[in-house]
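Chemist: Once you've had a glance at the structure underneath, I'll fire off some questions.
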Amino acid sequence: MSTTTYNNPDLIFSGKIPEGIVGWQSPSNIALVKYWGKKGVQIPCNPSISFTLNASYTETVVEYHPTANKKWVTFYLDRKINEGFEKKIEAYFETIEPIFSFIKQLDFTIRSKNTFPHSAGIASSASGMSALALCLCSIEKEHFGIEGSDQDFFKKASYVARLGSGSAARSLFGGVVSWGQIDGNHNSSDLWGTQQVKDIHPDFLSYHDSIIIVDAAQKKVSSRVGHGLMNSNPFAAKRFKQAQSNIIRLIKAMKDGDIETFINITESEALTLHAMMMTSNPYYLLLKPNTLQITERVFEYRERTGIPVSFTLDAGPNIHLLYPNRVRSEVKAWIDSELKQFAFNEMIIEDEVGEGPVRLSI
Ligand code: DP6
């Protein structure tokens, strides 16, 4: 078996084909240095790094049976059949068949639910794909019993999750996780995520993320299309270089407990991500007036009080407010009095840095 592809033609059931059930809970994550632009088979154009979240996660339970050659994948999201996802998962299963050669010997019934509301506009691909990848790795482990450490297990799950969605590669571990080759850092890879918690200052391992939902609508331009537009973005090469240096500086700041540099890099990364969308062609803009209202208030509040609260954004208008645990009561009071008015239906999701996936006991 090659460690760079995990392809393994030997993972085939030769005797009786089994049935069983397995489940995992796996978290979402919020990128601090953004993945935006990819090449080849889900290889990022620059490394990224994220906080693993705690409260925002997907629970996925997979039942598998010997195939009846009728319906390969049955998928329920929140107890409702979802044919769109069934097609996507079947296409994904085709691409990972060389890794799990047994996959066509089985039929799957997959039940998934997210803790965050479907209407929250939060991408569920990171938590969803990582939970599914873990279930497949557990099926393999159960029936082919390949020896290996926990670390090997999660590394393979991260590799498999990456093939479903790039950001999912970072959801397999707790704390601070990178994905993508970082210059001069042997503990990083384009193929899987790596936990970067060694020596991280404790302030950053108990960070809070209050997610202010500005607009709950599905985004108009998918991340897949957005990544593709980086191929012709005139600023792309500079951007990929900048991400390399930002990630190295950010890891250092997180080790030193340097919140000022952390704020500077993460806010710049958020705005640069959206600048890339605005400078693509076709160009587009996902920020909303209330996104800007909130960013203005973050700048003003930080200036006025010195409290180290900052924001980041994913590929949408919602604000992730980031702050250390020690200022949480002041920040929460401020969110209630000043920021709630800008949230769609006053929707705010309270989250914080989490410890990574958990196997469900079923
Ligand atoms: C802006 O991981 O959703 O959230 O690999 O096509 O599934 P695919 O893209 P996806 O892109 C995430 C982009 C981002 C930044 C990030 O999470 O690093």
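Just remember, in the structure tokens the first chain shown is A, the second B, etc., residues are 1-based per chain, and ligands are 1-based in the order shown.
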Could you pull out the strand (DSSP E) residues of segment 58-245 of chain A, going by DSSP on the backbone, and write them as a PyMOL selection string?
Modeler: chain A and resi 58-66+73-77+80-81+106-114+176-179+193-195+208-212
Chemist: Taking C-alpha atoms for each residue, export the selection above as a compact mmCIF listing (two decimals), in the first residue's frame.
Modeler:
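Saved to out37.txt:
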# COMPACT_ATOMS: atom_id res chain seq x y z
CA THR A 58 -22.51 16.48 12.20
CA GLU A 59 -23.62 13.09 13.49
CA THR A 60 -23.57 10.39 10.86
CA VAL A 61 -24.69 6.79 11.25
CA VAL A 62 -23.95 4.34 8.44
CA GLU A 63 -25.70 0.99 8.07
CA TYR A 64 -24.18 -1.36 5.51
CA HIS A 65 -25.41 -4.60 3.94
CA PRO A 66 -24.30 -6.93 1.14
CA VAL A 73 -26.65 4.82 -1.28
CA THR A 74 -29.75 5.89 0.63
CA PHE A 75 -29.16 9.20 2.40
CA TYR A 76 -31.27 10.90 5.04
CA LEU A 77 -30.52 14.43 6.23
CA LYS A 80 -35.60 13.20 5.24
CA ILE A 81 -34.36 11.45 2.11
CA LEU A 106 -22.06 -3.11 0.02
CA ASP A 107 -25.19 -0.94 0.03
CA PHE A 108 -25.33 1.96 2.46
CA THR A 109 -28.07 3.68 4.42
CA ILE A 110 -26.64 6.90 5.81
CA ARG A 111 -28.41 9.07 8.38
CA SER A 112 -26.92 12.46 9.04
CA LYS A 113 -27.88 15.43 11.16
CA ASN A 114 -26.21 18.71 11.99
CA VAL A 176 -5.54 24.05 15.86
CA VAL A 177 -5.20 22.09 12.62
CA SER A 178 -3.39 22.83 9.37
CA TRP A 179 -3.74 21.32 5.93
CA GLY A 193 -4.58 17.63 8.04
CA THR A 194 -2.17 17.85 10.96
CA GLN A 195 -2.86 18.91 14.51
CA HIS A 208 -14.53 31.42 21.53
CA ASP A 209 -16.31 31.76 18.20
CA SER A 210 -19.70 33.50 18.30
CA ILE A 211 -21.15 33.01 14.84
CA ILE A 212 -23.45 35.88 13.89
Chemist: List all protein, DNA and RNA residues that have any atom at most 10 Å from ligand 1, counting only C-alpha atoms and all ligand atoms, and write the list as a PDB file with N, CA and C atoms, in the first residue's frame.
Modeler:
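To be explicit, this is the file written out as selection-v7.pdb:
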ATOM      1  N   SER A  28     -17.339  20.859  12.684  1.00  0.00           N
ATOM      2  CA  SER A  28     -16.990  21.822  11.647  1.00  0.00           C
ATOM      3  C   SER A  28     -15.698  22.531  12.088  1.00  0.00           C
ATOM      4  N   ASN A  29     -15.145  23.346  11.241  1.00  0.00           N
ATOM      5  CA  ASN A  29     -13.982  24.132  11.660  1.00  0.00           C
ATOM      6  C   ASN A  29     -14.064  25.501  11.015  1.00  0.00           C
ATOM      7  N   ILE A  30     -13.343  26.460  11.604  1.00  0.00           N
ATOM      8  CA  ILE A  30     -13.296  27.801  10.998  1.00  0.00           C
ATOM      9  C   ILE A  30     -11.844  28.134  10.666  1.00  0.00           C
ATOM     10  N   ALA A  31     -11.621  28.416   9.381  1.00  0.00           N
ATOM     11  CA  ALA A  31     -10.248  28.691   8.934  1.00  0.00           C
ATOM     12  C   ALA A  31      -9.798  30.072   9.396  1.00  0.00           C
ATOM     13  N   LEU A  32      -8.546  30.159   9.800  1.00  0.00           N
ATOM     14  CA  LEU A  32      -7.908  31.428  10.190  1.00  0.00           C
ATOM     15  C   LEU A  32      -7.053  31.921   9.034  1.00  0.00           C
ATOM     16  N   VAL A  33      -6.278  31.026   8.437  1.00  0.00           N
ATOM     17  CA  VAL A  33      -5.631  31.284   7.133  1.00  0.00           C
ATOM     18  C   VAL A  33      -6.403  30.423   6.145  1.00  0.00           C
ATOM     19  N   LYS A  34      -6.880  31.055   5.076  1.00  0.00           N
ATOM     20  CA  LYS A  34      -7.914  30.435   4.244  1.00  0.00           C
ATOM     21  C   LYS A  34      -7.361  29.584   3.101  1.00  0.00           C
ATOM     22  N   TYR A  35      -8.038  28.484   2.867  1.00  0.00           N
ATOM     23  CA  TYR A  35      -7.842  27.656   1.664  1.00  0.00           C
ATOM     24  C   TYR A  35      -8.719  28.250   0.577  1.00  0.00           C
ATOM     25  N   TRP A  36      -8.119  28.753  -0.471  1.00  0.00           N
ATOM     26  CA  TRP A  36      -8.927  29.323  -1.569  1.00  0.00           C
ATOM     27  C   TRP A  36      -8.129  29.159  -2.854  1.00  0.00           C
ATOM     28  N   GLY A  37      -8.447  28.134  -3.613  1.00  0.00           N
ATOM     29  CA  GLY A  37      -7.691  27.785  -4.809  1.00  0.00           C
ATOM     30  C   GLY A  37      -7.148  26.372  -4.649  1.00  0.00           C
ATOM     31  N   LYS A  38      -7.420  25.520  -5.659  1.00  0.00           N
ATOM     32  CA  LYS A  38      -6.913  24.141  -5.579  1.00  0.00           C
ATOM     33  C   LYS A  38      -6.476  23.655  -6.948  1.00  0.00           C
ATOM     34  N   VAL A  41      -5.895  16.651  -7.790  1.00  0.00           N
ATOM     35  CA  VAL A  41      -6.966  15.959  -7.068  1.00  0.00           C
ATOM     36  C   VAL A  41      -7.036  16.522  -5.640  1.00  0.00           C
ATOM     37  N   GLN A  42      -7.764  17.587  -5.487  1.00  0.00           N
ATOM     38  CA  GLN A  42      -7.997  18.193  -4.173  1.00  0.00           C
ATOM     39  C   GLN A  42      -6.688  18.547  -3.449  1.00  0.00           C
ATOM     40  N   ILE A  43      -5.767  19.151  -4.191  1.00  0.00           N
ATOM     41  CA  ILE A  43      -4.520  19.641  -3.601  1.00  0.00           C
ATOM     42  C   ILE A  43      -4.650  21.165  -3.461  1.00  0.00           C
ATOM     43  N   PRO A  44      -4.428  21.682  -2.266  1.00  0.00           N
ATOM     44  CA  PRO A  44      -4.624  23.130  -2.083  1.00  0.00           C
ATOM     45  C   PRO A  44      -3.471  23.929  -2.689  1.00  0.00           C
ATOM     46  N   ASN A  46      -2.465  26.661  -1.416  1.00  0.00           N
ATOM     47  CA  ASN A  46      -1.691  27.194  -0.275  1.00  0.00           C
ATOM     48  C   ASN A  46      -2.141  26.466   0.995  1.00  0.00           C
ATOM     49  N   PRO A  47      -1.289  26.454   2.011  1.00  0.00           N
ATOM     50  CA  PRO A  47      -1.702  25.807   3.262  1.00  0.00           C
ATOM     51  C   PRO A  47      -2.724  26.670   4.006  1.00  0.00           C
ATOM     52  N   SER A  48      -3.546  26.017   4.814  1.00  0.00           N
ATOM     53  CA  SER A  48      -4.551  26.727   5.608  1.00  0.00           C
ATOM     54  C   SER A  48      -4.485  26.201   7.035  1.00  0.00           C
ATOM     55  N   ILE A  49      -5.102  26.948   7.945  1.00  0.00           N
ATOM     56  CA  ILE A  49      -5.087  26.514   9.351  1.00  0.00           C
ATOM     57  C   ILE A  49      -6.395  26.951  10.002  1.00  0.00           C
ATOM     58  N   SER A  50      -6.912  26.110  10.907  1.00  0.00           N
ATOM     59  CA  SER A  50      -8.232  26.404  11.465  1.00  0.00           C
ATOM     60  C   SER A  50      -8.333  26.041  12.936  1.00  0.00           C
ATOM     61  N   ILE A 122     -24.322  27.950   7.297  1.00  0.00           N
ATOM     62  CA  ILE A 122     -22.988  27.437   7.628  1.00  0.00           C
ATOM     63  C   ILE A 122     -22.727  26.218   6.756  1.00  0.00           C
ATOM     64  N   ALA A 123     -21.576  26.193   6.119  1.00  0.00           N
ATOM     65  CA  ALA A 123     -21.257  25.054   5.267  1.00  0.00           C
ATOM     66  C   ALA A 123     -21.109  23.822   6.141  1.00  0.00           C
ATOM     67  N   SER A 124     -21.763  22.745   5.750  1.00  0.00           N
ATOM     68  CA  SER A 124     -21.670  21.534   6.555  1.00  0.00           C
ATOM     69  C   SER A 124     -20.741  20.525   5.902  1.00  0.00           C
ATOM     70  N   SER A 125     -20.033  20.936   4.837  1.00  0.00           N
ATOM     71  CA  SER A 125     -19.229  19.936   4.124  1.00  0.00           C
ATOM     72  C   SER A 125     -18.060  19.442   4.984  1.00  0.00           C
ATOM     73  N   ALA A 126     -17.477  20.313   5.809  1.00  0.00           N
ATOM     74  CA  ALA A 126     -16.317  19.873   6.605  1.00  0.00           C
ATOM     75  C   ALA A 126     -16.739  18.829   7.635  1.00  0.00           C
ATOM     76  N   MET A 129     -18.405  15.578   5.618  1.00  0.00           N
ATOM     77  CA  MET A 129     -17.482  14.689   4.905  1.00  0.00           C
ATOM     78  C   MET A 129     -16.520  14.010   5.870  1.00  0.00           C
ATOM     79  N   ALA A 161     -11.396  12.277   3.772  1.00  0.00           N
ATOM     80  CA  ALA A 161     -12.306  13.426   3.884  1.00  0.00           C
ATOM     81  C   ALA A 161     -11.908  14.517   2.897  1.00  0.00           C
ATOM     82  N   ARG A 162     -10.597  14.745   2.749  1.00  0.00           N
ATOM     83  CA  ARG A 162     -10.103  15.763   1.820  1.00  0.00           C
ATOM     84  C   ARG A 162     -10.620  15.541   0.402  1.00  0.00           C
ATOM     85  N   LEU A 163     -10.740  14.267   0.012  1.00  0.00           N
ATOM     86  CA  LEU A 163     -11.199  13.976  -1.349  1.00  0.00           C
ATOM     87  C   LEU A 163     -12.674  14.348  -1.534  1.00  0.00           C
ATOM     88  N   GLY A 164     -13.397  14.458  -0.404  1.00  0.00           N
ATOM     89  CA  GLY A 164     -14.796  14.880  -0.468  1.00  0.00           C
ATOM     90  C   GLY A 164     -14.924  16.401  -0.396  1.00  0.00           C
ATOM     91  N   SER A 165     -14.146  17.023   0.462  1.00  0.00           N
ATOM     92  CA  SER A 165     -14.145  18.482   0.595  1.00  0.00           C
ATOM     93  C   SER A 165     -12.839  18.890   1.277  1.00  0.00           C
ATOM     94  N   GLY A 166     -12.136  19.835   0.681  1.00  0.00           N
ATOM     95  CA  GLY A 166     -10.814  20.184   1.190  1.00  0.00           C
ATOM     96  C   GLY A 166     -10.814  20.560   2.668  1.00  0.00           C
ATOM     97  N   SER A 167     -11.710  21.454   3.049  1.00  0.00           N
ATOM     98  CA  SER A 167     -11.693  21.935   4.440  1.00  0.00           C
ATOM     99  C   SER A 167     -12.005  20.804   5.418  1.00  0.00           C
ATOM    100  N   ALA A 168     -12.639  19.720   4.946  1.00  0.00           N
ATOM    101  CA  ALA A 168     -12.949  18.580   5.827  1.00  0.00           C
ATOM    102  C   ALA A 168     -11.678  17.898   6.337  1.00  0.00           C
ATOM    103  N   ALA A 169     -10.578  18.025   5.587  1.00  0.00           N
ATOM    104  CA  ALA A 169      -9.316  17.400   6.019  1.00  0.00           C
ATOM    105  C   ALA A 169      -8.878  17.928   7.380  1.00  0.00           C
ATOM    106  N   ARG A 170      -9.349  19.154   7.731  1.00  0.00           N
ATOM    107  CA  ARG A 170      -8.919  19.768   8.995  1.00  0.00           C
ATOM    108  C   ARG A 170      -9.827  19.417  10.165  1.00  0.00           C
ATOM    109  N   SER A 178      -3.755  22.293  10.691  1.00  0.00           N
ATOM    110  CA  SER A 178      -3.390  22.830   9.369  1.00  0.00           C
ATOM    111  C   SER A 178      -3.608  21.764   8.299  1.00  0.00           C
ATOM    112  N   TRP A 179      -3.709  22.222   7.091  1.00  0.00           N
ATOM    113  CA  TRP A 179      -3.740  21.319   5.927  1.00  0.00           C
ATOM    114  C   TRP A 179      -2.993  22.034   4.801  1.00  0.00           C
ATOM    115  N   SER A 222     -20.935  28.661  -5.387  1.00  0.00           N
ATOM    116  CA  SER A 222     -20.415  27.597  -4.520  1.00  0.00           C
ATOM    117  C   SER A 222     -18.909  27.761  -4.330  1.00  0.00           C
ATOM    118  N   SER A 223     -18.387  27.132  -3.261  1.00  0.00           N
ATOM    119  CA  SER A 223     -16.940  27.188  -3.022  1.00  0.00           C
ATOM    120  C   SER A 223     -16.199  26.550  -4.194  1.00  0.00           C
ATOM    121  N   ARG A 224     -16.786  25.487  -4.761  1.00  0.00           N
ATOM    122  CA  ARG A 224     -16.125  24.793  -5.874  1.00  0.00           C
ATOM    123  C   ARG A 224     -15.869  25.760  -7.035  1.00  0.00           C
ATOM    124  N   VAL A 225     -16.906  26.537  -7.360  1.00  0.00           N
ATOM    125  CA  VAL A 225     -16.753  27.522  -8.436  1.00  0.00           C
ATOM    126  C   VAL A 225     -15.753  28.595  -8.024  1.00  0.00           C
ATOM    127  N   GLY A 226     -15.841  29.049  -6.780  1.00  0.00           N
ATOM    128  CA  GLY A 226     -14.920  30.075  -6.270  1.00  0.00           C
ATOM    129  C   GLY A 226     -13.467  29.636  -6.351  1.00  0.00           C
ATOM    130  N   HIS A 227     -13.193  28.387  -5.937  1.00  0.00           N
ATOM    131  CA  HIS A 227     -11.827  27.865  -6.038  1.00  0.00           C
ATOM    132  C   HIS A 227     -11.364  27.904  -7.503  1.00  0.00           C
ATOM    133  N   GLY A 228     -12.270  27.476  -8.394  1.00  0.00           N
ATOM    134  CA  GLY A 228     -11.934  27.404  -9.826  1.00  0.00           C
ATOM    135  C   GLY A 228     -11.558  28.774 -10.385  1.00  0.00           C
ATOM    136  N   GLU A 269      -6.768  37.993   6.565  1.00  0.00           N
ATOM    137  CA  GLU A 269      -7.100  36.788   5.784  1.00  0.00           C
ATOM    138  C   GLU A 269      -8.572  36.794   5.359  1.00  0.00           C
ATOM    139  N   ALA A 270      -9.450  37.166   6.295  1.00  0.00           N
ATOM    140  CA  ALA A 270     -10.892  37.175   5.989  1.00  0.00           C
ATOM    141  C   ALA A 270     -11.177  38.152   4.851  1.00  0.00           C
ATOM    142  N   LEU A 273      -9.749  36.926   1.477  1.00  0.00           N
ATOM    143  CA  LEU A 273     -10.593  35.900   0.850  1.00  0.00           C
ATOM    144  C   LEU A 273     -11.690  36.573   0.008  1.00  0.00           C
ATOM    145  N   HIS A 274     -12.334  37.568   0.602  1.00  0.00           N
ATOM    146  CA  HIS A 274     -13.428  38.229  -0.126  1.00  0.00           C
ATOM    147  C   HIS A 274     -12.885  39.121  -1.247  1.00  0.00           C
ATOM    148  N   LEU A 313     -14.323  35.482   8.481  1.00  0.00           N
ATOM    149  CA  LEU A 313     -15.461  35.198   7.597  1.00  0.00           C
ATOM    150  C   LEU A 313     -15.153  33.917   6.859  1.00  0.00           C
ATOM    151  N   ASP A 314     -16.191  33.127   6.534  1.00  0.00           N
ATOM    152  CA  ASP A 314     -15.918  32.081   5.547  1.00  0.00           C
ATOM    153  C   ASP A 314     -16.504  32.567   4.221  1.00  0.00           C
ATOM    154  N   ALA A 315     -16.787  31.665   3.303  1.00  0.00           N
ATOM    155  CA  ALA A 315     -17.218  32.133   1.987  1.00  0.00           C
ATOM    156  C   ALA A 315     -18.693  32.531   2.037  1.00  0.00           C
ATOM    157  N   GLY A 316     -19.008  33.529   2.824  1.00  0.00           N
ATOM    158  CA  GLY A 316     -20.378  33.993   2.967  1.00  0.00           C
ATOM    159  C   GLY A 316     -20.393  35.250   3.816  1.00  0.00           C
TER     160      GLY A 316
END
Chemist: Per DSSP on the backbone, filter segment 91-218 of chain A down to the residues in helix (DSSP H, G or I) and report them as a PyMOL selection string.
Modeler: chain A and resi 91-96+101-105+118-120+125-144+150-164+166-172+202-205
Chemist: Go through segment 23-128 of chain A and flag each residue having an atom no more than 7 Å from segment 345-356 of chain A; for those, report the closest pair of atoms plus their distance in Å to one decimal, using only C-alpha atoms, ordered by chain and rising number, as a tab-separated table.
Modeler:
residue	atom	partner	partner_atom	distance
A:Ser26	CA	A:Gly356	CA	6.6
A:Pro27	CA	A:Gly356	CA	6.3
A:Phe51	CA	A:Val353	CA	5.9
A:Thr52	CA	A:Gly354	CA	5.4
A:Leu53	CA	A:Gly354	CA	4.7
A:Asn54	CA	A:Gly354	CA	4.0
A:Ala55	CA	A:Asp351	CA	5.5
Chemist: Please produce a file of the residues just selected, as a short mmCIF file (atom, residue, chain, number, x, y, z; two decimals), in the first residue's frame, where the atoms kept are all heavy atoms.
Modeler:
data_model
loop_
_atom_site.label_atom_id
_atom_site.label_comp_id
_atom_site.auth_asym_id
_atom_site.auth_seq_id
_atom_site.Cartn_x
_atom_site.Cartn_y
_atom_site.Cartn_z
N SER A 26 -18.62 14.43 14.09
CA SER A 26 -17.41 15.13 13.66
C SER A 26 -17.69 16.63 13.51
O SER A 26 -18.74 17.03 13.00
CB SER A 26 -16.89 14.53 12.34
OG SER A 26 -15.60 15.03 12.08
N PRO A 27 -16.77 17.46 13.96
CA PRO A 27 -17.03 18.90 14.02
C PRO A 27 -16.78 19.66 12.72
O PRO A 27 -16.05 19.20 11.85
CB PRO A 27 -16.03 19.38 15.08
CG PRO A 27 -14.89 18.43 14.97
CD PRO A 27 -15.48 17.11 14.57
N PHE A 51 -9.35 26.61 13.56
CA PHE A 51 -9.82 26.13 14.85
C PHE A 51 -10.87 25.06 14.59
O PHE A 51 -11.81 25.29 13.81
CB PHE A 51 -10.53 27.25 15.63
CG PHE A 51 -9.66 28.25 16.32
CD1 PHE A 51 -10.04 29.59 16.37
CD2 PHE A 51 -8.49 27.86 16.97
CE1 PHE A 51 -9.26 30.53 17.04
CE2 PHE A 51 -7.71 28.80 17.64
CZ PHE A 51 -8.09 30.13 17.67
N THR A 52 -10.73 23.93 15.26
CA THR A 52 -11.81 22.94 15.26
C THR A 52 -12.89 23.45 16.19
O THR A 52 -12.59 23.94 17.28
CB THR A 52 -11.25 21.60 15.78
OG1 THR A 52 -10.25 21.17 14.86
CG2 THR A 52 -12.34 20.53 15.88
N LEU A 53 -14.15 23.34 15.76
CA LEU A 53 -15.24 23.84 16.60
C LEU A 53 -15.77 22.75 17.52
O LEU A 53 -15.43 21.56 17.36
CB LEU A 53 -16.34 24.44 15.73
CG LEU A 53 -15.89 25.68 14.93
CD1 LEU A 53 -17.02 26.19 14.05
CD2 LEU A 53 -15.41 26.79 15.87
N ASN A 54 -16.56 23.16 18.48
CA ASN A 54 -17.06 22.22 19.48
C ASN A 54 -18.55 21.93 19.31
O ASN A 54 -18.97 20.77 19.22
CB ASN A 54 -16.80 22.83 20.88
CG ASN A 54 -17.20 21.88 21.98
OD1 ASN A 54 -16.84 20.72 21.94
ND2 ASN A 54 -17.96 22.38 22.93
N ALA A 55 -19.35 23.00 19.25
CA ALA A 55 -20.81 22.81 19.26
C ALA A 55 -21.39 22.55 17.86
O ALA A 55 -22.47 21.97 17.74
CB ALA A 55 -21.48 24.05 19.86
#
Chemist: Atom CA of His201 of chain A and atom CA of Lys255 of chain A are how many Å apart?
Modeler: 5.0 Å
Chemist: Under the rule that only C-alpha atoms are counted, which of A:Val309, A:Leu292, A:Ala131, A:Met254 is the nearest residue to Leu205 of chain A?
Modeler: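 That would be A:Met254, the residue with the smallest distance to Leu205 of chain A.
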Chemist: Kindly give the distance, in Å, that separates atom CA of Ser188 of chain A and atom CA of Ile248 of chain A, rounded to a single decimal.
Modeler: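 Separation between atom CA of Ser188 of chain A and atom CA of Ile248 of chain A: 11.6 Å.
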